[in-house]
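The data block below is protein30.txt; it holds compact mmCIF, C-alpha atoms.
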```
# COMPACT_ATOMS: atom_id res chain seq x y z
CA MET A 11 0.00 0.00 0.00
CA ILE A 12 1.49 3.32 -1.10
CA LYS A 13 1.18 5.98 1.57
CA PRO A 14 -0.02 9.43 0.45
CA GLN A 15 3.20 10.93 1.89
CA TYR A 16 5.21 8.97 -0.65
CA ILE A 17 3.29 10.45 -3.57
CA ILE A 18 3.33 13.93 -2.06
CA SER A 19 7.10 13.75 -1.55
CA ILE A 20 7.58 13.02 -5.26
CA LEU A 21 5.00 15.58 -6.41
CA LEU A 22 6.66 18.28 -4.30
CA PHE A 23 9.83 17.77 -6.30
CA PHE A 24 8.39 19.45 -9.40
CA PRO A 25 7.42 22.87 -7.98
CA LEU A 26 10.71 22.87 -6.09
CA LEU A 27 12.70 22.13 -9.25
CA LEU A 28 10.78 24.95 -10.91
CA VAL A 29 11.97 27.33 -8.19
CA GLN A 30 15.47 25.80 -8.25
CA THR A 31 15.89 26.45 -11.98
CA THR A 32 14.17 29.83 -12.25
CA ILE A 33 14.39 31.80 -8.98
CA VAL A 34 17.37 30.26 -7.21
CA PRO A 35 19.86 31.31 -9.93
CA LEU A 36 18.89 34.90 -9.04
CA LEU A 37 20.15 34.24 -5.48
CA ALA A 38 23.53 32.99 -6.69
CA ILE A 39 26.56 34.32 -4.86
CA ASP A 40 29.26 34.15 -7.50
CA THR A 41 28.19 30.79 -8.94
CA ILE A 42 27.21 29.26 -5.64
CA ILE A 43 23.55 28.37 -5.27
CA PRO A 44 21.60 26.59 -2.53
CA ASP A 45 20.01 23.22 -3.25
CA LEU A 46 16.35 23.35 -2.22
CA ILE A 47 15.70 19.80 -3.44
CA LEU A 48 18.28 18.51 -0.98
CA ILE A 49 16.52 20.25 1.91
CA LEU A 50 13.28 18.48 1.00
CA LEU A 51 15.16 15.20 0.69
CA VAL A 52 16.71 15.60 4.14
CA TYR A 53 13.30 16.40 5.62
CA TYR A 54 11.75 13.23 4.20
CA SER A 55 14.78 11.11 5.07
CA ILE A 56 14.49 12.14 8.71
CA THR A 57 10.73 11.67 8.89
CA GLN A 58 10.47 8.45 6.84
CA GLY A 59 13.73 6.62 7.47
CA GLN A 60 16.96 5.63 5.82
CA ILE A 61 15.64 3.29 3.11
CA TYR A 62 13.00 5.78 2.10
CA GLY A 63 15.63 8.54 2.05
CA SER A 64 17.88 6.51 -0.24
CA VAL A 65 15.06 5.62 -2.65
CA LEU A 66 13.70 9.18 -2.67
CA GLY A 67 17.23 10.53 -3.30
CA PHE A 68 17.53 8.10 -6.19
CA ILE A 69 14.22 9.29 -7.69
CA TYR A 70 15.01 12.98 -7.15
CA GLY A 71 18.45 12.51 -8.71
CA PHE A 72 17.00 10.70 -11.72
CA LEU A 73 14.37 13.38 -12.31
CA PHE A 74 16.92 16.17 -11.83
CA ASP A 75 19.40 14.62 -14.28
CA ILE A 76 16.81 13.85 -16.91
CA ILE A 77 15.08 17.24 -16.77
CA THR A 78 18.07 19.57 -16.49
CA GLY A 79 20.29 17.73 -18.96
CA SER A 80 23.00 16.93 -16.41
CA LEU A 81 25.12 13.81 -16.72
CA LEU A 82 22.55 11.07 -16.06
CA GLY A 83 23.57 9.17 -12.94
CA SER A 84 25.67 11.85 -11.27
CA ALA A 85 22.88 13.48 -9.26
CA MET A 86 21.32 10.03 -8.75
CA ILE A 87 24.37 8.74 -6.91
CA ALA A 88 24.90 12.01 -5.05
CA LYS A 89 21.31 12.33 -3.87
CA THR A 90 21.01 8.63 -3.01
CA MET A 91 24.04 8.96 -0.75
CA ALA A 92 22.73 12.23 0.70
CA GLY A 93 19.34 10.63 1.47
CA PHE A 94 21.06 7.62 3.02
CA THR A 95 23.19 9.88 5.23
CA ALA A 96 20.26 12.02 6.34
CA GLY A 97 18.33 8.84 7.11
CA TYR A 98 20.82 8.05 9.87
CA PHE A 99 19.14 10.78 11.89
CA SER A 100 15.75 9.19 11.62
CA SER A 101 15.63 7.76 15.14
CA GLU A 102 12.06 7.81 16.46
CA ASN A 103 13.08 9.32 19.79
CA LYS A 104 14.93 12.28 18.37
CA ARG A 105 13.09 12.81 15.07
CA ASP A 106 11.07 15.80 16.26
CA GLN A 107 14.06 17.28 17.98
CA TYR A 108 16.07 17.09 14.75
CA LEU A 109 13.31 18.65 12.69
CA VAL A 110 12.61 21.73 14.76
CA SER A 111 16.06 22.71 15.94
CA TYR A 112 19.32 23.87 14.40
CA TYR A 113 20.23 20.16 14.16
CA PHE A 114 18.22 20.12 10.96
CA ALA A 115 20.54 22.69 9.39
CA LEU A 116 23.55 20.64 10.51
CA ILE A 117 22.12 17.49 8.93
CA VAL A 118 21.45 19.47 5.75
CA LEU A 119 25.05 20.71 5.87
CA LEU A 120 26.41 17.16 6.18
CA SER A 121 24.16 15.73 3.46
CA SER A 122 24.85 18.67 1.18
CA LEU A 123 28.60 18.20 1.64
CA ILE A 124 28.27 14.58 0.54
CA ASP A 125 25.96 15.49 -2.34
CA SER A 126 28.21 18.28 -3.66
CA THR A 127 31.41 16.29 -3.24
CA ILE A 128 30.07 13.31 -5.20
CA ASN A 129 28.61 15.60 -7.86
CA ALA A 130 31.93 17.40 -8.20
CA PHE A 131 33.76 14.10 -8.45
CA PHE A 132 31.63 12.97 -11.38
CA THR A 133 31.39 16.22 -13.25
CA SER A 134 34.58 18.19 -12.73
CA ILE A 135 37.59 16.10 -11.98
CA ASN A 136 40.58 18.37 -12.39
CA PHE A 137 43.51 16.98 -10.48
CA THR A 138 45.80 19.82 -11.54
CA SER A 139 43.96 22.20 -9.19
CA ASN A 140 44.35 22.32 -5.45
CA ILE A 141 42.05 19.59 -4.11
CA PHE A 142 41.28 21.52 -0.90
CA LEU A 143 40.40 24.62 -2.88
CA LEU A 144 38.12 22.56 -5.10
CA PHE A 145 36.48 20.99 -2.05
CA PHE A 146 35.98 24.44 -0.58
CA GLN A 147 34.43 25.88 -3.74
CA TYR A 148 32.44 22.92 -4.97
CA ALA A 149 31.29 21.31 -1.76
CA LEU A 150 31.69 23.43 1.34
CA LEU A 151 30.40 26.79 0.10
CA PRO A 152 27.24 25.40 -1.59
CA ALA A 153 26.67 23.21 1.48
CA ILE A 154 26.91 26.19 3.84
CA TYR A 155 24.57 28.21 1.62
CA THR A 156 22.06 25.34 1.52
CA ALA A 157 22.29 24.89 5.30
CA ALA A 158 21.75 28.63 5.80
CA ILE A 159 18.58 28.47 3.69
CA ALA A 160 17.45 25.42 5.70
CA LEU A 161 18.06 27.37 8.90
CA MET A 162 15.88 30.18 7.60
CA GLY A 163 13.24 27.60 6.70
CA MET A 164 13.18 26.47 10.33
CA ILE A 165 11.55 29.77 11.25
CA PHE A 166 8.55 28.88 9.06
CA TYR A 167 8.41 25.21 10.02
CA PRO A 168 4.86 24.44 11.20
CA LYS A 169 4.56 23.14 14.73
CA ARG A 170 1.72 20.88 13.63
CA LYS A 171 2.00 18.33 10.86
CA ILE A 172 0.56 19.45 7.53
CA PHE A 173 0.74 16.08 5.75
CA MET B 10 19.25 -20.96 3.60
CA ILE B 11 16.15 -18.81 3.34
CA ARG B 12 16.48 -18.00 7.02
CA PHE B 13 20.05 -16.85 6.35
CA PHE B 14 18.94 -14.50 3.58
CA VAL B 15 16.10 -13.18 5.73
CA SER B 16 18.53 -12.54 8.54
CA VAL B 17 20.98 -10.77 6.20
CA TRP B 18 18.13 -8.66 4.80
CA GLU B 19 16.87 -7.79 8.28
CA ASN B 20 20.32 -6.74 9.46
CA PHE B 21 21.60 -4.98 6.36
CA LYS B 22 18.52 -3.93 4.38
CA GLU B 23 19.54 -0.25 4.33
CA TYR B 24 22.92 -1.12 2.87
CA ILE B 25 21.50 -3.64 0.40
CA VAL B 26 19.03 -1.04 -0.92
CA LEU B 27 21.81 1.54 -1.12
CA VAL B 28 24.13 -0.78 -3.07
CA VAL B 29 21.37 -1.76 -5.50
CA LEU B 30 20.47 1.89 -6.14
CA LEU B 31 24.12 2.82 -6.65
CA ILE B 32 24.62 -0.03 -9.11
CA ILE B 33 21.56 1.10 -11.13
CA SER B 34 22.91 4.67 -11.09
CA LEU B 35 26.32 3.53 -12.33
CA ILE B 36 24.72 1.51 -15.14
CA LEU B 37 22.71 4.57 -16.20
CA LEU B 38 25.88 6.67 -16.02
CA SER B 39 27.32 4.58 -18.84
CA GLN B 40 24.11 4.84 -20.89
CA ASN B 41 24.02 8.63 -21.18
CA ASN B 42 24.21 8.92 -24.94
CA THR B 43 21.96 6.04 -25.93
CA GLN B 44 18.94 6.75 -28.12
CA GLY B 45 16.46 5.62 -25.45
CA ILE B 46 17.86 7.92 -22.78
CA GLN B 47 17.91 10.84 -25.23
CA GLN B 48 14.22 10.24 -26.04
CA VAL B 49 13.21 10.06 -22.38
CA ARG B 50 15.24 13.21 -21.71
CA SER B 51 13.59 15.00 -24.62
CA ILE B 52 10.07 14.20 -23.38
CA ALA B 53 10.91 15.00 -19.73
CA PHE B 54 12.51 18.39 -20.21
CA GLY B 55 10.04 19.33 -22.98
CA THR B 56 7.11 18.80 -20.63
CA PHE B 57 8.80 20.52 -17.70
CA ALA B 58 10.03 23.45 -19.79
CA SER B 59 6.50 24.23 -21.01
CA VAL B 60 5.53 24.88 -17.37
CA THR B 61 8.75 26.71 -16.59
CA SER B 62 8.35 29.07 -19.55
CA VAL B 63 5.12 30.50 -18.09
CA PHE B 64 6.85 31.01 -14.76
CA THR B 65 9.91 32.61 -16.33
CA ASP B 66 7.86 35.11 -18.34
CA VAL B 67 6.58 36.66 -15.10
CA PHE B 68 10.13 37.19 -13.80
CA ASN B 69 11.43 38.36 -17.16
CA ILE B 70 9.14 41.39 -17.28
CA ASN B 71 11.17 43.18 -14.59
CA ASN B 72 14.42 42.49 -16.34
CA LEU B 73 13.18 43.51 -19.77
CA LYS B 74 13.41 47.19 -18.88
CA ASN B 75 17.12 46.93 -18.04
CA GLU B 76 17.75 44.74 -21.01
CA ASN B 77 16.01 47.22 -23.32
CA GLU B 78 18.25 49.98 -22.07
CA ASN B 79 21.33 47.84 -22.61
CA LEU B 80 20.13 46.90 -26.06
CA ARG B 81 19.58 50.55 -26.98
CA ARG B 82 23.15 51.28 -25.90
CA THR B 83 24.44 48.28 -27.82
CA ASN B 84 22.46 49.42 -30.86
CA ALA B 85 24.06 52.83 -30.73
CA GLU B 86 27.51 51.29 -30.46
CA MET B 87 26.70 48.88 -33.26
CA MET B 88 25.56 51.75 -35.44
CA LEU B 89 28.97 53.39 -34.99
CA HIS B 90 30.70 50.09 -35.78
CA LEU B 91 28.42 49.54 -38.72
CA SER B 92 29.20 52.82 -40.38
CA ARG B 93 32.89 51.98 -40.14
CA LEU B 94 32.36 48.40 -41.30
CA ARG B 95 30.36 49.59 -44.31
CA GLU B 96 33.44 51.31 -45.54
CA TYR B 97 35.44 48.12 -45.09
CA ALA B 98 32.67 46.06 -46.69
CA ILE B 99 32.81 48.07 -49.91
CA VAL B 100 36.54 47.44 -50.16
CA ASN B 101 36.06 43.83 -49.10
CA ASP B 102 33.36 43.19 -51.73
CA ASP B 103 35.61 44.55 -54.41
CA LEU B 104 38.47 42.34 -53.27
CA LYS B 105 36.19 39.31 -52.93
CA GLY B 106 34.89 39.96 -56.40
CA LEU B 107 38.44 39.99 -57.70
CA LEU B 108 39.24 36.74 -55.89
CA ALA B 109 35.81 35.16 -56.61
CA LEU B 110 35.18 34.28 -52.93
CA LYS B 111 31.69 33.40 -51.67
CA ASP B 112 29.96 35.43 -48.95
CA SER B 113 29.46 33.22 -45.91
CA SER B 114 28.22 35.75 -43.39
CA LYS B 115 24.43 35.21 -43.65
CA PHE B 116 23.06 32.60 -41.25
CA PRO B 117 19.52 32.38 -39.88
CA LEU B 118 19.06 33.51 -36.27
CA ILE B 119 16.37 31.77 -34.24
CA PRO B 120 15.29 33.91 -31.26
CA ALA B 121 14.82 32.09 -27.94
CA THR B 122 14.31 32.87 -24.27
CA ILE B 123 15.99 30.94 -21.49
CA VAL B 124 13.22 29.30 -19.47
CA SER B 125 15.44 27.64 -16.88
CA LYS B 126 19.07 27.35 -15.93
CA SER B 127 21.07 24.68 -14.20
CA LEU B 128 24.03 26.66 -13.00
CA THR B 129 26.07 24.07 -11.21
CA LYS B 130 29.77 24.86 -10.96
CA SER B 131 30.72 22.42 -13.66
CA GLN B 132 27.63 21.45 -15.64
CA GLY B 133 26.06 24.69 -16.83
CA THR B 134 23.01 24.05 -18.98
CA ILE B 135 20.15 26.28 -20.13
CA THR B 136 16.70 25.35 -21.39
CA LEU B 137 15.47 27.41 -24.36
CA ASN B 138 11.90 27.89 -25.58
CA ALA B 139 12.80 26.93 -29.13
CA GLY B 140 12.98 23.38 -30.41
CA LYS B 141 12.36 21.18 -33.44
CA ASN B 142 9.32 23.22 -34.52
CA GLN B 143 11.50 26.33 -34.71
CA SER B 144 14.13 24.42 -36.75
CA VAL B 145 16.59 24.11 -33.88
CA LYS B 146 18.93 21.15 -34.25
CA VAL B 147 21.46 19.49 -31.99
CA GLY B 148 24.88 21.09 -32.42
CA MET B 149 23.68 24.60 -33.26
CA PRO B 150 25.54 27.44 -31.51
CA VAL B 151 23.65 29.63 -29.03
CA ILE B 152 24.71 33.28 -29.07
CA THR B 153 23.88 36.73 -27.74
CA ASP B 154 24.95 40.13 -28.98
CA LYS B 155 28.04 39.72 -26.77
CA GLY B 156 29.18 36.36 -28.10
CA LEU B 157 28.98 32.61 -27.79
CA VAL B 158 26.83 31.17 -24.98
CA GLY B 159 26.91 27.45 -25.73
CA ILE B 160 25.84 24.62 -28.01
CA VAL B 161 22.44 22.91 -28.32
CA TYR B 162 22.70 19.46 -26.80
CA SER B 163 19.20 18.00 -26.72
CA ILE B 164 15.89 19.02 -28.33
CA SER B 165 12.16 18.39 -28.01
CA ASP B 166 9.35 19.80 -30.17
CA ASN B 167 9.28 23.27 -28.63
CA TYR B 168 12.27 23.34 -26.28
CA SER B 169 15.95 22.59 -26.28
CA ILE B 170 18.76 22.22 -23.78
CA ALA B 171 22.12 23.85 -24.50
CA ARG B 172 25.41 23.27 -22.75
CA THR B 173 26.93 26.62 -21.84
CA LEU B 174 30.65 27.35 -22.02
CA THR B 175 30.69 26.67 -18.27
CA ASN B 176 30.09 22.98 -18.85
CA VAL B 177 33.06 20.64 -18.53
CA ASP B 178 31.69 18.46 -21.33
CA LEU B 179 31.86 21.24 -23.93
CA LYS B 180 35.13 21.85 -25.75
CA VAL B 181 35.46 24.46 -28.48
CA THR B 182 38.30 25.26 -30.86
CA VAL B 183 39.16 28.94 -30.56
CA LYS B 184 41.78 31.30 -31.88
CA SER B 185 43.35 34.59 -30.98
CA GLU B 186 41.95 37.33 -33.20
CA ARG B 187 45.31 39.11 -33.21
CA THR B 188 47.76 36.25 -33.67
CA ARG B 189 45.40 33.77 -35.46
CA GLU B 190 46.78 30.93 -33.32
CA ASN B 191 44.34 28.07 -32.58
CA ALA B 192 43.76 26.10 -29.38
CA VAL B 193 41.11 24.01 -27.68
CA MET B 194 39.16 25.80 -24.95
CA LYS B 195 37.23 24.12 -22.14
CA TRP B 196 35.75 24.87 -18.71
CA ASN B 197 37.87 23.48 -15.91
CA GLY B 198 35.31 24.14 -13.19
CA GLU B 199 36.71 27.55 -12.34
CA TRP B 200 37.87 29.13 -15.56
CA LEU B 201 37.58 28.92 -19.29
CA VAL B 202 41.04 27.73 -20.28
CA MET B 203 42.79 27.28 -23.58
CA ILE B 204 44.67 24.05 -23.04
CA ASN B 205 47.93 22.74 -24.49
CA VAL B 206 48.91 26.12 -25.89
CA PRO B 207 52.55 26.00 -27.05
CA LYS B 208 54.69 28.42 -25.08
CA THR B 209 55.91 29.86 -28.36
CA PHE B 210 52.43 31.33 -29.03
CA ASP B 211 52.46 35.09 -28.76
CA LEU B 212 49.30 35.53 -26.67
CA LYS B 213 48.95 38.53 -24.38
CA LYS B 214 46.55 39.57 -21.65
CA GLY B 215 43.56 41.32 -23.20
CA ASP B 216 43.79 39.52 -26.54
CA ARG B 217 40.36 38.87 -28.04
CA ILE B 218 39.48 35.19 -28.35
CA VAL B 219 37.00 34.05 -31.01
CA THR B 220 35.85 30.65 -32.24
CA SER B 221 38.02 29.13 -34.91
CA GLU B 222 36.95 28.21 -38.44
CA ILE B 223 38.58 24.82 -37.94
CA SER B 224 36.02 24.03 -35.21
CA SER B 225 33.67 21.24 -36.21
CA ILE B 226 30.80 23.03 -34.43
CA ILE B 227 30.95 26.72 -35.23
CA PRO B 228 31.38 27.86 -38.81
CA PHE B 229 32.83 31.34 -38.41
CA PRO B 230 34.47 33.51 -35.74
CA LEU B 231 32.16 34.27 -32.82
CA PRO B 232 33.42 36.34 -29.89
CA VAL B 233 34.20 34.22 -26.81
CA GLY B 234 36.19 36.37 -24.41
CA LEU B 235 39.44 38.08 -23.54
CA VAL B 236 42.70 36.54 -22.40
CA TYR B 237 42.69 37.08 -18.65
CA GLU B 238 45.85 35.36 -17.53
CA ILE B 239 48.71 33.45 -19.11
CA GLY B 240 49.39 30.36 -17.05
CA ASP B 241 52.92 29.51 -16.06
CA VAL B 242 53.21 25.77 -16.39
CA GLU B 243 56.79 25.12 -15.39
CA LYS B 244 57.18 21.70 -16.93
CA GLY B 245 56.78 20.87 -20.59
CA ILE B 246 56.27 22.98 -23.65
CA PHE B 247 52.60 23.79 -23.21
CA ASN B 248 50.81 26.55 -21.38
CA GLU B 249 47.28 27.17 -20.12
CA ILE B 250 45.57 30.45 -20.95
CA ARG B 251 42.68 31.68 -18.85
CA VAL B 252 39.88 33.37 -20.75
CA HIS B 253 37.28 35.73 -19.32
CA PRO B 254 34.03 35.20 -21.27
CA PHE B 255 32.11 38.13 -22.76
CA VAL B 256 28.77 36.58 -21.79
CA ASP B 257 27.61 36.66 -18.18
CA PHE B 258 26.00 33.23 -17.93
CA GLN B 259 24.08 34.09 -14.79
CA LYS B 260 22.40 37.15 -16.25
CA VAL B 261 21.75 36.10 -19.82
CA GLU B 262 18.03 35.68 -20.60
CA ASN B 263 17.40 36.13 -24.31
CA VAL B 264 19.54 34.41 -26.90
CA PHE B 265 19.67 33.44 -30.55
CA VAL B 266 20.27 30.00 -31.94
CA LEU B 267 22.48 30.19 -35.00
CA GLY B 268 20.65 28.10 -37.58
CA ILE B 269 23.51 26.06 -38.91
CA VAL B 270 25.23 22.83 -38.00
CA LYS B 271 28.65 22.89 -39.56
CA SER B 272 29.59 19.29 -38.98
CA LYS B 273 26.38 18.23 -40.75
CA GLU B 274 27.31 20.33 -43.75
CA ILE B 275 30.79 18.89 -43.84
CA ASP B 276 29.37 15.40 -43.47
CA ASP B 277 26.99 16.01 -46.39
CA ILE B 278 29.76 17.35 -48.58
CA GLU B 279 32.00 14.41 -47.77
CA PHE B 280 29.13 11.99 -48.31
CA ASN B 281 28.33 13.53 -51.69
CA LEU B 282 31.96 13.32 -52.65
CA LEU B 283 32.06 9.64 -51.75
CA SER B 284 28.74 9.01 -53.57
CA ARG B 285 30.15 10.49 -56.77
CA GLU B 286 32.98 8.03 -56.70
```
Mind turning the file's structure into structure tokens?
Amino acid sequence: MIKPQYIISILLFFPLLLVQTTIVPLLAIDTIIPDLILILLVYYSITQGQIYGSVLGFIYGFLFDIITGSLLGSAMIAKTMAGFTAGYFSSENKRDQYLVSYYFALIVLLSSLIDSTINAFFTSINFTSNIFLLFFQYALLPAIYTAAIALMGMIFYPKRKIF
Amino acid sequence: MIRFFVSVWENFKEYIVLVVLLIISLILLSQNNTQGIQQVRSIAFGTFASVTSVFTDVFNINNLKNENENLRRTNAEMMLHLSRLREYAIVNDDLKGLLALKDSSKFPLIPATIVSKSLTKSQGTITLNAGKNQSVKVGMPVITDKGLVGIVYSISDNYSIARTLTNVDLKVTVKSERTRENAVMKWNGEWLVMINVPKTFDLKKGDRIVTSEISSIIPFPLPVGLVYEIGDVEKGIFNEIRVHPFVDFQKVENVFVLGIVKSKEIDDIEFNLLSRE
């Protein structure tokens, strides 16, 4: 039996991708942009568990790659790993604590780091450059930006469940 | 035996699912250019882009005012250039007439608006609201009044995806306008770089870089950027030249698709030549 949350989590991807590809580029600092899809993925990974997070990351990555014309498979692997990582924090006792505190932003930061690093590995391997500088530019800065947006989102997080 | 598998599944199901998903992803990674994937991609982004285009139009209205002002300024500058070029053109026509050369400067321009952008650090792509129905074909260059933006990579009926110059998978043959020396240019994730440039090449900071006629993609010189920095590769005989592009990929909104695919033309010519034999 497919739960309504499962369908909603996939349907929410499309309006978010719309925002990600039209409005978010306007918020770019240099070429660094936050990843709103990852924030949604982390949210669902925490609420639904690790397996669900991995599968949802896989689906999000597939849809992202196929729609934006990116290298098919790169975002799939990155988002699957990010969903899997975020799913670690899906313990029933602490779930609510993680969702409504700054912990959420920290989990987003960690997942985003993994997502960006894997993406960078598949799409821009350039071993002649300083690897730490590349990590800083490709992974850390976008991850911090994404986490900052997630932190701002915490302010608007509803205290009661919507779905 | 079954009990063993059940126990393994119970203990490691998260990891088993993860490994299976990663294996599927890796398989798809190697299938990027297959016909089936291209068709699915074409349908997916075509459908999504039709929604995005409505959304983008709303945001574009605010920017149109600024863009109009810039275009008016560009027009004025172009008018000044044009008057000077007309003089050259008269002389050029005379010389061409003497040498019996063909005029190759007239190519159709297909106007398009960018409906969405994927501005990752290394895989810059843009979705345009022009596709097969507007005669856009894979391989056509995408340009603005400032210069080259990218190359069309995938098309659907009314939309197309183009790889911008900030995409590691796009390599273009370019040349220095001053010295006429050719090199391959690519995006290294941070900069546009001309790679494997012999150190004997006389390139200088500020030199104008345009696409080369020997490129299999772009038929005639299109502005790309200016030489920003000459690399200093200590070993070997080659250098890397950093290029600052004329086009601001974050701000660009309206573009033209240059209605020609050079490689196709060359292929046709070569095919005809072979057919004759």
Quote the spacing between atom CA of B:Asn263 and atom CA of B:Ile119 in Å to one decimal place. 10.9 Å
For chain A, work out the contacting residues on chain B at 8 Å, counting only C-alpha atoms, and write them as a ChimeraX atom specification. /B:22-23,26-27,30-31,34-35,37-38,41,49-50,53-54,57,61,64-65,124-132,134-136,163,170,177,197-198,259
Out of B:Asp154, B:Glu249, B:Asp103, B:Glu96, which residue has the shortest atom-to-atom distance to B:Val193 when counting only C-alpha atoms? B:Glu249
Residues near A:Tyr53, cut-off 10 Å, all atoms listed in the file, skip fewer than 2 positions along chain, as a PyMOL selection string: chain A and resi 19+47-51+55-59+63+93+96-97+100+108-109+114+117-118+160
Enumerate, as a PyMOL selection string, the protein, DNA and RNA residues whose atoms approach (50.7, 22.4, -23.4) to within 8 Å, taking into account all atoms listed in the file and the coordinate frame of the file. chain B and resi 204-208+245-249
Any idea what the distance is between atom CA of B:Asp241 and atom CA of B:Trp200?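 Atom CA of B:Trp200 lies 15.1 Å from atom CA of B:Asp241.
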Go through B:Ile123, B:Leu107, B:Leu201, B:Gln47 and flag the residue nearest B:Thr175, using all atoms listed in the file for the distances.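 With all atoms listed in the file as the atom set, the closest residue is B:Leu201.
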Quick one, how far is atom CA of B:Glu190 from atom CA of B:Val158?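 Between atom CA of B:Glu190 and atom CA of B:Val158 the gap works out to 21.6 Å.
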Using all atoms listed in the file, which protein or nucleic acid residues come within 12 Å of B:Leu80? Drop anything in the same chain fewer than 5 positions from it, and give the result as a list in words.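 What passes the distance filter is Leu73, Lys74, Asn75, Ala85, Glu86, Met87, Met88, Thr153, Asp154, Lys155 and Asn263 of chain B.
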For the selection you just gave me, I'd like the residues written to a file as a PDB file, in the coordinates of the input, keeping C-alpha atoms.
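The new file part.pdb reads:
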```pdb
ATOM      1  CA  LEU B  73      13.180  43.510 -19.770  1.00  0.00           C
ATOM      2  CA  LYS B  74      13.410  47.190 -18.880  1.00  0.00           C
ATOM      3  CA  ASN B  75      17.120  46.930 -18.040  1.00  0.00           C
ATOM      4  CA  ALA B  85      24.060  52.830 -30.730  1.00  0.00           C
ATOM      5  CA  GLU B  86      27.510  51.290 -30.460  1.00  0.00           C
ATOM      6  CA  MET B  87      26.700  48.880 -33.260  1.00  0.00           C
ATOM      7  CA  MET B  88      25.560  51.750 -35.440  1.00  0.00           C
ATOM      8  CA  THR B 153      23.880  36.730 -27.740  1.00  0.00           C
ATOM      9  CA  ASP B 154      24.950  40.130 -28.980  1.00  0.00           C
ATOM     10  CA  LYS B 155      28.040  39.720 -26.770  1.00  0.00           C
ATOM     11  CA  ASN B 263      17.400  36.130 -24.310  1.00  0.00           C
TER      12      ASN B 263
END
```
